[in-house]
Structures are given as structure tokens and as C-alpha cells.
Amino acid sequence: MTFAAVLETLIKIGVVFFVALTAVAYLTLAERKISGWIQDRIGPNRVGPWGLLQPLADGIKFMMKEEVVPSYAHRPIYMAAPALLLISALSALAIIPFGDRLSLGGYEVRLAIADVNIGILFFLAMSSVGVYGIVLAGWSSNNKYAMLGGLRASAQMISYELGLGLSLIGVLMVSGSLRLSQIVEQQGSFSSWNVWSQPLGFLIFMVSAFAETNRLPFDLAEAETELVAGYHTEYSAIKFSMFYMAEYVNMITASALMATLFFGGWQLPFPAEAAGVEGNHLALLQILCFLIKTGFFLFVFIWVRWTLPRFRYDQLMHLGWKVLLPLALLNLIWVGIGVAWGWF
Amino acid sequence: MEQYLPILIFVLVAAAFPVVTLVVARVIRPHKPDPVKLSSYECGLESVGEVRDRTSVRYYLIAVLFVIFDVEVIFMFPWAVRFKQLALLGFVSMATFLGILLLGYYYAWRKGALEWV
């Protein structure tokens with residue numbers, strides 16, 4: 001790699017990190033504000049105008065609070081678990097293409113950190129590593145609630161990984177590549193977005209993504225009415241916040257992937273010529289388009305959380321194994337016929 | 001391999017972030033432990049029994065089923081990528097493979113392995 005390429009990578013990593021972590025901070029605020037509105041409350045409004053400085057106050061509090069490590073905990077694993085979870089969550093962001101390309105004085109910048117040819121596999125691998133973080137957190141805490149939460153979370157996540165993987169295969173059959181930029185390019189026009197040809201696949205992907213991120217209605221791992229806080233019951237201060245950060249980073253990745261795989265990624269919903277701009281302005285418009293799509297799915301995540309009640313554990317397993325798995329195979333057959341007949 | 005270098009750098013930066021945060025927090029936060037504070041949380045009661053006790057065998061069953069079906073999904077990835085080129089032969093061979101697998105799925109269903117009671 002040339003020096004310019006390394007510099008370019010570092011700058012892109014810096015930008016993605018900054019945007020992702022700021023988004024995480026403000027998602028916590030958005031969650032509380034939106035839940036407030038849904039329940040006819042105001043939500044946080046004391047720290048700064050409209051509570052805009054609330055994430056900052058939370059951050060300082062997380063850093064300054066005393067941390068309690070239970071004396072029976074297995075210390076090395078207890079320390080490593082939240083970091084492992086957060087690292088795997090953040091790493092998955094590396095493969096997301098957030099725009100086409102930007103030219104800076106003749107120098108072409110591709111707007112993705114790593115456009116590797118195994119893109120989707122990398123995402124699946126990282127989400128699997130995340131399961132380790134949760135299981136180890138539950139096991140090492142030496143607390144009954146944490147242990148049960150960790151067990152439930154791992155069983156749930158591996159069950160729904162099947163639905164997730166199978167719904168992705170439909171997309172691969174159409175695009176013929178695991179490379180995310182290629183999947184986006186194949187969805188060039190509005191009518192060729194994958195969601196129109198395989199709505200069932202999108203639905204399965206979305207439901208599985210909710211279960212993978214442990215969000216309501218699938219948050220049985222941290223069902224507070226029975227398990228206190230699940231696998232992070234014994235975690236406090238900054239380590240507790242890491243579990244939350246990982247959850248929100250996972251939400252961002254899942255939303256970005258929904259936009260990328262099924263809603264054309266950074267592609268505009270109308271032909272690029274109709275936008276009336278070109279070059280860098282078009283690239284910026286495309287980035288904006290990607291952010292709007294991702295933001296919409298993040299809103300759906302929050303909206304669903306404050307609308308639907310929690311599943312029971314047997315219902316959860318029933319949905320994963322007896323409903324999503326056959327439906328995903330049905331979707332596969334549908335896409336197979338569609339591709340063979342050249343419909344899409 | 002060069003295209004993987006950005007991922008490596010990204011993972012290193014991602015790994016540095018929690019480490020730095022943990023170290024900074026360790027320096028600035030108070031530290032006043034006492035035996036009661038450090039006991040396991042059980043809603044204020046004395047802790048009873050072992051944590052790493054026997055758990056439901058269902059979890060084990062789910063894990064075994066997961067291994068079977070997840071390997072199947074991984075098998076399908078390269079097939080899906082080359083689906084257009086493999087044409088009818090590819091479709092028929094994957095349908096045969098899936099048919100055999102679905103037989104096992106049906107068996108597991110009938111045996112009640114997918115029930116959670």
C-alpha cells in the first residue's frame with residue numbers, strides 16, 4: 001500500500017468512527033425522546049436545549065461512577081467480555097459502503113473503508129463473535145440472572161442466525177457477489193431494488209436482525225421483569241455503557257445493511273441525471289441518501305421497541321425454527337425461479 | 001491480501017477504543033469496595049446455591065441443530081454467488097441436497113426437537 005492509500009484509510013476510519021460514536025450517543029437520546037412522545041411524555045429536557053447535551057452528561061457519569069466487580073466473578077473474562085462485544089460490533093462497520101466515490105483534486109476516494117470480496121461473510125463472522133462476548137459476560141459474572149440471560153441470548157442469536165444467513169442468500173443469487181459495492185451497483189434503478197423482488201427475504205432479514213441485536217420484541221436475554229438486566233446484571237459504570245454502545249452499534253450496522261442489501265444502499269430513488277448535480281455534489285447527495293435510509297431503519301428499531309410487547313421464550317423459538325426457516329427456504333425457491341426465468 | 005489491510009487497521013482502532021476508555025475510567029473513578037457491595041446481586045437476598053449448575057438440555061439441542069443448519073447455509077453461499085453460471089445443474093443438485101436436509105428437518109420437527117416446553 002502506498003502512503004496516500006494508508007492516509008486515506010486512516011482518514012476514512014476516523015470519520016466513520018466519529019460518525020458512528022456520535023450516532024450511538026444521540027441514538028440513546030433519540031430512544032428516550034421518541035419513547036417519551038409515544039407514551040405522551042416529554043422525555044429528557046433538562047441538560048441543554050431539548051436535552052441535546054444529555055448524552056454528554058451520561059458519558060461523564062459513566063466515566064466517573066465507581067465500578068463494582070463482584071468478588072466471585074472470573075476477573076480476566078469479566079473484563080474482556082464487554083470489550084470483545086464492542087470490538088466485534090464496531091468491526092462490522094468496516095465493510096459498509098456509504099457512498100460511491102469522491103474525487104479530491106484528481107485523487108479518487110472510494111467511500112467504503114474496505115471493499116472486500118467477502119463483505120457479507122465478514123459481517124456474519126463478526127456477529128457470531130459478538131455471541132462470545134455475551135456468553136462470556138453471563139458466565140464470568142457468576143450471577144444466576146446473568147448466567148440465564150447469557151444462555152438465552154446465545155440460543156436466540158444462533159437460532160436467528162439461520163434466518164439471517166438464508167435471507168442473505170436470495171440477495172447473493174441476484175447479485176452474484178458477496179462484495180457489498182457490487183450489490184449496491186446492481187440495484188442501480190429504483191425498480192431493481194432487492195426489496196421489490198424479494199419482500200419476503202427483507203422481512204425475514206429484518207426480523208432476524210431484531211433478534212440478533214437483542215431488541216424488543218426479542219429482548220428475552222435482558223427481560224427486566226424476570227432477569228433484572230440479563231447478562232449485564234453485574235456490570236456497572238463504563239463496562240455497562242459498553243454493552244449499550246455495542247447494542248446501538250449493532251443496530252446501526254443492521255440498519256445500514258438493510259438499506260444496502262434491500263433498498264439500494266447509496267443509490268438515489270430516481271435516476272442520477274434527474275438530480276441535476278454531478279461529480280462531488282452527486283456523491284454527497286448519495287451519502288445523504290444512504291444516511292436517510294439508515295436513519296429510517298434506526299427509527300423503525302426504536303418505534304417497534306415502544307410498540308410491541310415481548311415474546312415468550314417458546315414463541316421465540318417457534319418463530320425462529322418453525323416459521324422463519326421454512327419461509328426463508330420458500331424465498332430461496334422464489335428467487336431461484338425468478339433468476340432462472342430472468343425476471344430479476 | 002492488500003484489500004484486507006484496511007480491515008486490520010479498523011479492527012486495531014476498534015480494539016484501542018475500549019482499552020483506552022477502560023484505562024481512562026480506571027484512573028478517574030473512585031474505588032471504595034466493601035464485602036457487601038462485592039457480593040453477587042440477588043435482589044438483596046443472600047445468594048443461594050451454585051450458578052454453574054445443570055441447565056436445560058434444550059440449549060444443547062439447539063446448539064447441535066444450529067451446527068447442522070449453519071453449515072448448510074455456509075454451503076449455499078458459494079453456490080448462490082455462482083447461481084447464474086451453474087444454471088439448471090446447480091439448481092437441481094442444490095434442490096437434492098436441500099431435500100435430504102429437509103427430511104432431517106421434518107424428522108427433528110416430528111420428534112419434537114424444535115419444541116420448547
# chains A, B, ... in the order shown; residues from 1 in each chain; ligands from 1
call {"tool": "interface_residues", "arguments": {"of": "chain A", "to": "chain B", "cutoff": "7 Å", "atoms": "only C-alpha atoms", "output": "VMD selection string"}}
result
chain A and resid 1 9 13 63 to 66 68 to 71 83 87 90 to 91 94 113 to 114 116 142 to 144 155 158 to 159 162 165 to 166 169 172 to 173 176 to 177 234 238 314 317 321
call {"tool": "write_last_selection", "arguments": {"atoms": "C-alpha atoms", "output": "short mmCIF file (atom, residue, chain, number, x, y, z; two decimals), in the first residue's frame"}}
result
data_model
loop_
_atom_site.label_atom_id
_atom_site.label_comp_id
_atom_site.auth_asym_id
_atom_site.auth_seq_id
_atom_site.Cartn_x
_atom_site.Cartn_y
_atom_site.Cartn_z
CA MET A 1 0.00 0.00 0.00
CA THR A 9 -7.80 4.69 5.02
CA ILE A 13 -11.67 5.26 9.64
CA MET A 63 -16.75 7.51 33.44
CA MET A 64 -16.94 8.93 36.99
CA LYS A 65 -19.04 6.24 38.66
CA GLU A 66 -17.47 3.66 40.92
CA VAL A 68 -18.28 -2.83 41.34
CA VAL A 69 -16.68 -6.10 40.31
CA PRO A 70 -18.34 -8.95 42.23
CA SER A 71 -15.81 -10.91 44.26
CA ALA A 83 -14.57 -5.08 25.11
CA ILE A 87 -14.84 -4.57 19.15
CA LEU A 90 -17.53 -1.84 15.61
CA SER A 91 -15.52 -4.03 13.23
CA ALA A 94 -15.73 -1.59 8.14
CA ILE A 113 -13.33 1.52 4.38
CA ALA A 114 -12.72 -1.95 2.98
CA VAL A 116 -13.52 -6.77 0.22
CA ASN A 142 -21.16 -15.75 38.45
CA ASN A 143 -24.69 -14.47 38.92
CA LYS A 144 -27.81 -16.52 38.24
CA ALA A 155 -29.58 -19.77 21.98
CA ILE A 158 -27.69 -18.76 16.93
CA SER A 159 -31.29 -19.69 16.12
CA LEU A 162 -30.02 -19.23 10.26
CA GLY A 165 -27.99 -16.25 6.56
CA LEU A 166 -30.73 -17.80 4.42
CA ILE A 169 -28.60 -15.96 0.00
CA LEU A 172 -26.45 -13.14 -3.45
CA MET A 173 -28.24 -15.14 -6.14
CA GLY A 176 -23.68 -12.91 -7.92
CA SER A 177 -21.22 -11.38 -5.49
CA GLU A 234 -23.30 -7.42 37.39
CA ILE A 238 -18.08 2.22 31.93
CA ASP A 314 -41.18 -20.84 23.40
CA MET A 317 -38.04 -20.46 19.32
CA TRP A 321 -37.24 -22.60 13.80
#
call {"tool": "residues_around", "arguments": {"residues": "Leu29 of chain A", "least_positions_apart": "3", "cutoff": "12 Å", "atoms": "only C-alpha atoms", "output": "number ranges by chain"}}
result
A: 22-26, 32-36, 43-45, 47, 50-59, 248, 302
call {"tool": "write_last_selection", "arguments": {"atoms": "N, CA, C and O atoms", "output": "CSV table (one decimal), in the first residue's frame"}}
result
chain,number,residue,atom,x,y,z
A,22,THR,N,-20.9,9.2,17.6
A,22,THR,CA,-21.8,10.3,17.8
A,22,THR,C,-23.2,9.8,17.6
A,22,THR,O,-24.1,10.1,18.4
A,23,ALA,N,-23.4,9.0,16.6
A,23,ALA,CA,-24.7,8.5,16.3
A,23,ALA,C,-25.2,7.6,17.5
A,23,ALA,O,-26.4,7.7,17.9
A,24,VAL,N,-24.3,6.8,18.0
A,24,VAL,CA,-24.6,6.0,19.2
A,24,VAL,C,-25.1,6.9,20.3
A,24,VAL,O,-26.1,6.7,21.0
A,25,ALA,N,-24.3,7.9,20.6
A,25,ALA,CA,-24.7,8.8,21.7
A,25,ALA,C,-26.0,9.4,21.5
A,25,ALA,O,-26.9,9.5,22.4
A,26,TYR,N,-26.3,9.9,20.3
A,26,TYR,CA,-27.6,10.6,20.1
A,26,TYR,C,-28.7,9.6,19.8
A,26,TYR,O,-29.9,10.0,20.0
A,32,ARG,N,-34.9,7.8,24.0
A,32,ARG,CA,-35.7,8.3,25.2
A,32,ARG,C,-36.7,9.4,24.8
A,32,ARG,O,-37.8,9.4,25.3
A,33,LYS,N,-36.3,10.2,23.8
A,33,LYS,CA,-37.3,11.2,23.3
A,33,LYS,C,-38.5,10.6,22.6
A,33,LYS,O,-39.6,10.9,22.9
A,34,ILE,N,-38.2,9.6,21.7
A,34,ILE,CA,-39.3,9.0,21.0
A,34,ILE,C,-40.1,8.2,21.9
A,34,ILE,O,-41.4,8.2,21.8
A,35,SER,N,-39.5,7.5,22.8
A,35,SER,CA,-40.3,6.7,23.8
A,35,SER,C,-41.2,7.7,24.6
A,35,SER,O,-42.4,7.4,24.9
A,36,GLY,N,-40.7,8.8,24.9
A,36,GLY,CA,-41.4,9.8,25.6
A,36,GLY,C,-42.7,10.3,24.8
A,36,GLY,O,-43.8,10.3,25.3
A,43,GLY,N,-39.9,13.4,27.7
A,43,GLY,CA,-38.5,12.9,27.6
A,43,GLY,C,-37.5,13.8,28.2
A,43,GLY,O,-37.9,14.9,28.7
A,44,PRO,N,-36.2,13.4,28.1
A,44,PRO,CA,-35.2,14.3,28.8
A,44,PRO,C,-35.2,15.7,28.2
A,44,PRO,O,-35.1,15.8,27.0
A,45,ASN,N,-35.3,16.7,29.1
A,45,ASN,CA,-35.2,18.1,28.5
A,45,ASN,C,-34.5,19.0,29.5
A,45,ASN,O,-34.6,20.2,29.4
A,47,VAL,N,-30.9,18.9,30.4
A,47,VAL,CA,-29.5,19.2,30.1
A,47,VAL,C,-29.4,19.8,28.7
A,47,VAL,O,-29.5,19.1,27.7
A,50,TRP,N,-33.7,21.1,24.6
A,50,TRP,CA,-34.3,19.8,24.2
A,50,TRP,C,-33.5,18.6,24.7
A,50,TRP,O,-33.6,17.6,24.1
A,51,GLY,N,-32.7,18.8,25.7
A,51,GLY,CA,-31.9,17.7,26.3
A,51,GLY,C,-30.8,17.3,25.3
A,51,GLY,O,-30.3,16.1,25.4
A,52,LEU,N,-30.3,18.2,24.5
A,52,LEU,CA,-29.3,17.8,23.5
A,52,LEU,C,-28.0,17.5,24.1
A,52,LEU,O,-27.1,16.8,23.5
A,53,LEU,N,-27.7,17.9,25.3
A,53,LEU,CA,-26.4,17.6,25.9
A,53,LEU,C,-26.5,16.4,26.8
A,53,LEU,O,-25.5,16.0,27.5
A,54,GLN,N,-27.7,15.8,26.9
A,54,GLN,CA,-27.9,14.6,27.7
A,54,GLN,C,-26.9,13.5,27.5
A,54,GLN,O,-26.3,13.0,28.5
A,55,PRO,N,-26.6,13.1,26.2
A,55,PRO,CA,-25.5,12.1,26.0
A,55,PRO,C,-24.2,12.4,26.6
A,55,PRO,O,-23.5,11.5,27.2
A,56,LEU,N,-23.8,13.7,26.6
A,56,LEU,CA,-22.6,14.1,27.2
A,56,LEU,C,-22.6,13.9,28.7
A,56,LEU,O,-21.6,13.4,29.3
A,57,ALA,N,-23.7,14.3,29.3
A,57,ALA,CA,-23.8,14.1,30.8
A,57,ALA,C,-23.8,12.7,31.1
A,57,ALA,O,-23.1,12.3,32.1
A,58,ASP,N,-24.5,11.8,30.3
A,58,ASP,CA,-24.4,10.4,30.6
A,58,ASP,C,-23.0,9.9,30.5
A,58,ASP,O,-22.6,9.1,31.3
A,59,GLY,N,-22.3,10.3,29.5
A,59,GLY,CA,-20.9,9.8,29.2
A,59,GLY,C,-20.1,10.2,30.4
A,59,GLY,O,-19.3,9.3,30.9
A,248,TYR,N,-26.2,-0.5,20.3
A,248,TYR,CA,-26.5,0.6,19.4
A,248,TYR,C,-25.7,0.5,18.1
A,248,TYR,O,-26.2,0.8,17.0
A,302,ILE,N,-36.5,1.8,17.0
A,302,ILE,CA,-37.0,2.4,18.2
A,302,ILE,C,-38.5,2.3,18.3
A,302,ILE,O,-39.1,2.0,19.4
call {"tool": "atom_distance", "arguments": {"atom1": "atom CA of Ser197 of chain A", "atom2": "atom CA of Ser175 of chain A"}}
result
12.3 Å
call {"tool": "closest_residue", "arguments": {"among": "A:Leu329, A:Leu148, A:Met251, A:Val131", "to": "Arg54 of chain B", "atoms": "only C-alpha atoms"}}
result
A:Leu148
call {"tool": "closest_residue", "arguments": {"among": "A:Thr213, A:Asp40, A:Arg75, A:Thr307", "to": "Met245 of chain A", "atoms": "only C-alpha atoms"}}
result
A:Thr213
call {"tool": "residues_around", "arguments": {"residues": "Val174 of chain A", "least_positions_apart": "2", "cutoff": "8 Å", "atoms": "only C-alpha atoms", "output": "ChimeraX atom specification"}}
result
/A:170-172,176,335,339,344
call {"tool": "write_last_selection", "arguments": {"atoms": "all heavy atoms", "output": "short mmCIF file (atom, residue, chain, number, x, y, z; two decimals), in the first residue's frame"}}
result
data_model
loop_
_atom_site.label_atom_id
_atom_site.label_comp_id
_atom_site.auth_asym_id
_atom_site.auth_seq_id
_atom_site.Cartn_x
_atom_site.Cartn_y
_atom_site.Cartn_z
N GLY A 170 -30.69 -15.12 -0.97
CA GLY A 170 -31.51 -14.60 -2.06
C GLY A 170 -30.85 -13.41 -2.73
O GLY A 170 -30.82 -13.29 -3.96
N VAL A 171 -30.31 -12.50 -1.90
CA VAL A 171 -29.63 -11.31 -2.45
C VAL A 171 -28.42 -11.72 -3.27
O VAL A 171 -28.17 -11.19 -4.36
CB VAL A 171 -29.21 -10.36 -1.30
CG1 VAL A 171 -28.43 -9.19 -1.82
CG2 VAL A 171 -30.42 -9.90 -0.53
N LEU A 172 -27.66 -12.71 -2.76
CA LEU A 172 -26.45 -13.14 -3.45
C LEU A 172 -26.78 -13.75 -4.81
O LEU A 172 -26.04 -13.57 -5.78
CB LEU A 172 -25.70 -14.18 -2.62
CG LEU A 172 -25.24 -13.74 -1.26
CD1 LEU A 172 -24.47 -14.85 -0.60
CD2 LEU A 172 -24.38 -12.52 -1.39
N GLY A 176 -24.81 -12.08 -7.54
CA GLY A 176 -23.68 -12.91 -7.92
C GLY A 176 -22.37 -12.48 -7.29
O GLY A 176 -21.31 -12.75 -7.84
N VAL A 335 -36.73 -16.82 -5.43
CA VAL A 335 -35.65 -16.09 -6.10
C VAL A 335 -35.00 -16.96 -7.17
O VAL A 335 -34.67 -16.49 -8.27
CB VAL A 335 -34.60 -15.61 -5.07
CG1 VAL A 335 -33.45 -14.90 -5.77
CG2 VAL A 335 -35.24 -14.68 -4.06
N VAL A 339 -34.69 -15.79 -10.94
CA VAL A 339 -33.41 -15.61 -11.64
C VAL A 339 -33.34 -16.51 -12.86
O VAL A 339 -32.91 -16.10 -13.94
CB VAL A 339 -32.22 -15.87 -10.69
CG1 VAL A 339 -30.91 -15.88 -11.44
CG2 VAL A 339 -32.20 -14.82 -9.59
N PHE A 344 -35.54 -11.10 -12.56
CA PHE A 344 -34.72 -10.11 -11.89
C PHE A 344 -33.30 -10.61 -11.73
O PHE A 344 -32.98 -11.70 -12.00
CB PHE A 344 -35.27 -9.70 -10.51
CG PHE A 344 -35.94 -10.78 -9.71
CD1 PHE A 344 -35.23 -11.67 -8.95
CD2 PHE A 344 -37.33 -10.86 -9.73
CE1 PHE A 344 -35.88 -12.65 -8.20
CE2 PHE A 344 -37.98 -11.84 -9.00
CZ PHE A 344 -37.27 -12.74 -8.23
#
call {"tool": "atom_distance", "arguments": {"atom1": "atom CA of Lys293 of chain A", "atom2": "atom CA of Ala125 of chain A"}}
result
24.4 Å
call {"tool": "residues_around", "arguments": {"residues": "Gly119 of chain A", "least_positions_apart": "3", "cutoff": "9 Å", "atoms": "only C-alpha atoms", "output": "count of residues only"}}
result
11
call {"tool": "closest_residue", "arguments": {"among": "A:Ser208, A:Asn280, A:Ser189, A:Gln267", "to": "Leu324 of chain A", "atoms": "only C-alpha atoms"}}
result
A:Ser208
call {"tool": "residues_around", "arguments": {"residues": "Tyr78 of chain A", "least_positions_apart": "4", "cutoff": "10 Å", "atoms": "only C-alpha atoms", "output": "PyMOL selection string"}}
result
chain A and resi 69-70+73-74+82-83+133+136-142+234-235+239
call {"tool": "select_by_dssp", "arguments": {"residues": "segment 65-169 of chain A", "states": "alpha helix (DSSP H)", "output": "ChimeraX atom specification"}}
result
/A:75-91,119-140,144-169
call {"tool": "closest_residue", "arguments": {"among": "A:Val109, A:Gly264, A:Gly342, A:Lys322", "to": "Ala113 of chain B", "atoms": "only C-alpha atoms"}}
result
A:Lys322
call {"tool": "atom_distance", "arguments": {"atom1": "atom CA of Val300 of chain A", "atom2": "atom CA of Gln286 of chain A"}}
result
21.4 Å
call {"tool": "decode", "arguments": {"residues": "segment 102-133 of chain A", "atoms": "N, CA and C atoms", "output": "PDB file, in the first residue's frame"}}
result
ATOM      1  N   LEU A 102     -15.548   9.875  -4.282  1.00  0.00           N
ATOM      2  CA  LEU A 102     -15.356  11.313  -4.173  1.00  0.00           C
ATOM      3  C   LEU A 102     -14.021  11.608  -4.843  1.00  0.00           C
ATOM      4  N   SER A 103     -13.948  12.675  -5.672  1.00  0.00           N
ATOM      5  CA  SER A 103     -12.635  12.978  -6.241  1.00  0.00           C
ATOM      6  C   SER A 103     -12.125  14.288  -5.645  1.00  0.00           C
ATOM      7  N   LEU A 104     -10.942  14.174  -5.030  1.00  0.00           N
ATOM      8  CA  LEU A 104     -10.337  15.336  -4.385  1.00  0.00           C
ATOM      9  C   LEU A 104      -9.098  15.736  -5.186  1.00  0.00           C
ATOM     10  N   GLY A 105      -9.241  16.742  -6.041  1.00  0.00           N
ATOM     11  CA  GLY A 105      -8.112  17.194  -6.849  1.00  0.00           C
ATOM     12  C   GLY A 105      -7.520  16.085  -7.684  1.00  0.00           C
ATOM     13  N   GLY A 106      -8.377  15.290  -8.340  1.00  0.00           N
ATOM     14  CA  GLY A 106      -7.883  14.229  -9.199  1.00  0.00           C
ATOM     15  C   GLY A 106      -7.626  12.932  -8.475  1.00  0.00           C
ATOM     16  N   TYR A 107      -7.711  12.928  -7.126  1.00  0.00           N
ATOM     17  CA  TYR A 107      -7.476  11.705  -6.371  1.00  0.00           C
ATOM     18  C   TYR A 107      -8.819  11.066  -6.030  1.00  0.00           C
ATOM     19  N   GLU A 108      -9.008   9.814  -6.491  1.00  0.00           N
ATOM     20  CA  GLU A 108     -10.280   9.126  -6.298  1.00  0.00           C
ATOM     21  C   GLU A 108     -10.345   8.497  -4.901  1.00  0.00           C
ATOM     22  N   VAL A 109     -11.416   8.787  -4.185  1.00  0.00           N
ATOM     23  CA  VAL A 109     -11.604   8.176  -2.875  1.00  0.00           C
ATOM     24  C   VAL A 109     -12.857   7.323  -2.926  1.00  0.00           C
ATOM     25  N   ARG A 110     -12.685   6.017  -2.722  1.00  0.00           N
ATOM     26  CA  ARG A 110     -13.863   5.141  -2.652  1.00  0.00           C
ATOM     27  C   ARG A 110     -14.482   5.255  -1.272  1.00  0.00           C
ATOM     28  N   LEU A 111     -15.795   5.451  -1.228  1.00  0.00           N
ATOM     29  CA  LEU A 111     -16.430   5.716   0.058  1.00  0.00           C
ATOM     30  C   LEU A 111     -16.871   4.427   0.765  1.00  0.00           C
ATOM     31  N   ALA A 112     -15.883   3.616   1.107  1.00  0.00           N
ATOM     32  CA  ALA A 112     -16.082   2.449   1.969  1.00  0.00           C
ATOM     33  C   ALA A 112     -14.713   2.159   2.539  1.00  0.00           C
ATOM     34  N   ILE A 113     -14.645   1.732   3.788  1.00  0.00           N
ATOM     35  CA  ILE A 113     -13.326   1.518   4.382  1.00  0.00           C
ATOM     36  C   ILE A 113     -12.630   0.338   3.726  1.00  0.00           C
ATOM     37  N   ALA A 114     -13.330  -0.776   3.616  1.00  0.00           N
ATOM     38  CA  ALA A 114     -12.721  -1.946   2.984  1.00  0.00           C
ATOM     39  C   ALA A 114     -13.763  -2.593   2.093  1.00  0.00           C
ATOM     40  N   ASP A 115     -13.538  -2.523   0.793  1.00  0.00           N
ATOM     41  CA  ASP A 115     -14.491  -3.108  -0.138  1.00  0.00           C
ATOM     42  C   ASP A 115     -13.996  -4.504  -0.505  1.00  0.00           C
ATOM     43  N   VAL A 116     -14.082  -5.439   0.451  1.00  0.00           N
ATOM     44  CA  VAL A 116     -13.525  -6.768   0.219  1.00  0.00           C
ATOM     45  C   VAL A 116     -14.538  -7.667  -0.471  1.00  0.00           C
ATOM     46  N   ASN A 117     -14.033  -8.704  -1.139  1.00  0.00           N
ATOM     47  CA  ASN A 117     -14.938  -9.566  -1.893  1.00  0.00           C
ATOM     48  C   ASN A 117     -15.666 -10.590  -1.035  1.00  0.00           C
ATOM     49  N   ILE A 118     -15.444 -10.561   0.297  1.00  0.00           N
ATOM     50  CA  ILE A 118     -16.198 -11.463   1.174  1.00  0.00           C
ATOM     51  C   ILE A 118     -17.112 -10.653   2.083  1.00  0.00           C
ATOM     52  N   GLY A 119     -17.387  -9.407   1.696  1.00  0.00           N
ATOM     53  CA  GLY A 119     -18.138  -8.461   2.533  1.00  0.00           C
ATOM     54  C   GLY A 119     -19.152  -9.040   3.498  1.00  0.00           C
ATOM     55  N   ILE A 120     -20.166  -9.730   2.964  1.00  0.00           N
ATOM     56  CA  ILE A 120     -21.254 -10.192   3.821  1.00  0.00           C
ATOM     57  C   ILE A 120     -20.775 -11.256   4.806  1.00  0.00           C
ATOM     58  N   LEU A 121     -19.850 -12.110   4.348  1.00  0.00           N
ATOM     59  CA  LEU A 121     -19.322 -13.143   5.252  1.00  0.00           C
ATOM     60  C   LEU A 121     -18.642 -12.509   6.455  1.00  0.00           C
ATOM     61  N   PHE A 122     -17.941 -11.386   6.207  1.00  0.00           N
ATOM     62  CA  PHE A 122     -17.261 -10.697   7.307  1.00  0.00           C
ATOM     63  C   PHE A 122     -18.280 -10.225   8.333  1.00  0.00           C
ATOM     64  N   PHE A 123     -19.394  -9.689   7.835  1.00  0.00           N
ATOM     65  CA  PHE A 123     -20.452  -9.244   8.753  1.00  0.00           C
ATOM     66  C   PHE A 123     -20.976 -10.425   9.578  1.00  0.00           C
ATOM     67  N   LEU A 124     -21.249 -11.564   8.911  1.00  0.00           N
ATOM     68  CA  LEU A 124     -21.753 -12.738   9.629  1.00  0.00           C
ATOM     69  C   LEU A 124     -20.742 -13.219  10.671  1.00  0.00           C
ATOM     70  N   ALA A 125     -19.455 -13.205  10.291  1.00  0.00           N
ATOM     71  CA  ALA A 125     -18.414 -13.648  11.218  1.00  0.00           C
ATOM     72  C   ALA A 125     -18.386 -12.762  12.453  1.00  0.00           C
ATOM     73  N   MET A 126     -18.444 -11.445  12.232  1.00  0.00           N
ATOM     74  CA  MET A 126     -18.369 -10.523  13.362  1.00  0.00           C
ATOM     75  C   MET A 126     -19.590 -10.659  14.269  1.00  0.00           C
ATOM     76  N   SER A 127     -20.766 -10.875  13.672  1.00  0.00           N
ATOM     77  CA  SER A 127     -21.949 -11.015  14.525  1.00  0.00           C
ATOM     78  C   SER A 127     -21.880 -12.311  15.317  1.00  0.00           C
ATOM     79  N   SER A 128     -21.174 -13.324  14.774  1.00  0.00           N
ATOM     80  CA  SER A 128     -21.002 -14.557  15.541  1.00  0.00           C
ATOM     81  C   SER A 128     -20.027 -14.355  16.696  1.00  0.00           C
ATOM     82  N   VAL A 129     -18.974 -13.562  16.456  1.00  0.00           N
ATOM     83  CA  VAL A 129     -18.015 -13.301  17.534  1.00  0.00           C
ATOM     84  C   VAL A 129     -18.713 -12.559  18.677  1.00  0.00           C
ATOM     85  N   GLY A 130     -19.688 -11.704  18.303  1.00  0.00           N
ATOM     86  CA  GLY A 130     -20.429 -10.970  19.327  1.00  0.00           C
ATOM     87  C   GLY A 130     -21.119 -11.886  20.326  1.00  0.00           C
ATOM     88  N   VAL A 131     -21.541 -13.076  19.864  1.00  0.00           N
ATOM     89  CA  VAL A 131     -22.197 -14.023  20.771  1.00  0.00           C
ATOM     90  C   VAL A 131     -21.247 -14.407  21.915  1.00  0.00           C
ATOM     91  N   TYR A 132     -19.940 -14.560  21.583  1.00  0.00           N
ATOM     92  CA  TYR A 132     -18.957 -14.897  22.617  1.00  0.00           C
ATOM     93  C   TYR A 132     -18.957 -13.854  23.731  1.00  0.00           C
ATOM     94  N   GLY A 133     -18.987 -12.577  23.329  1.00  0.00           N
ATOM     95  CA  GLY A 133     -18.975 -11.505  24.328  1.00  0.00           C
ATOM     96  C   GLY A 133     -20.117 -11.673  25.312  1.00  0.00           C
TER      97      GLY A 133
END
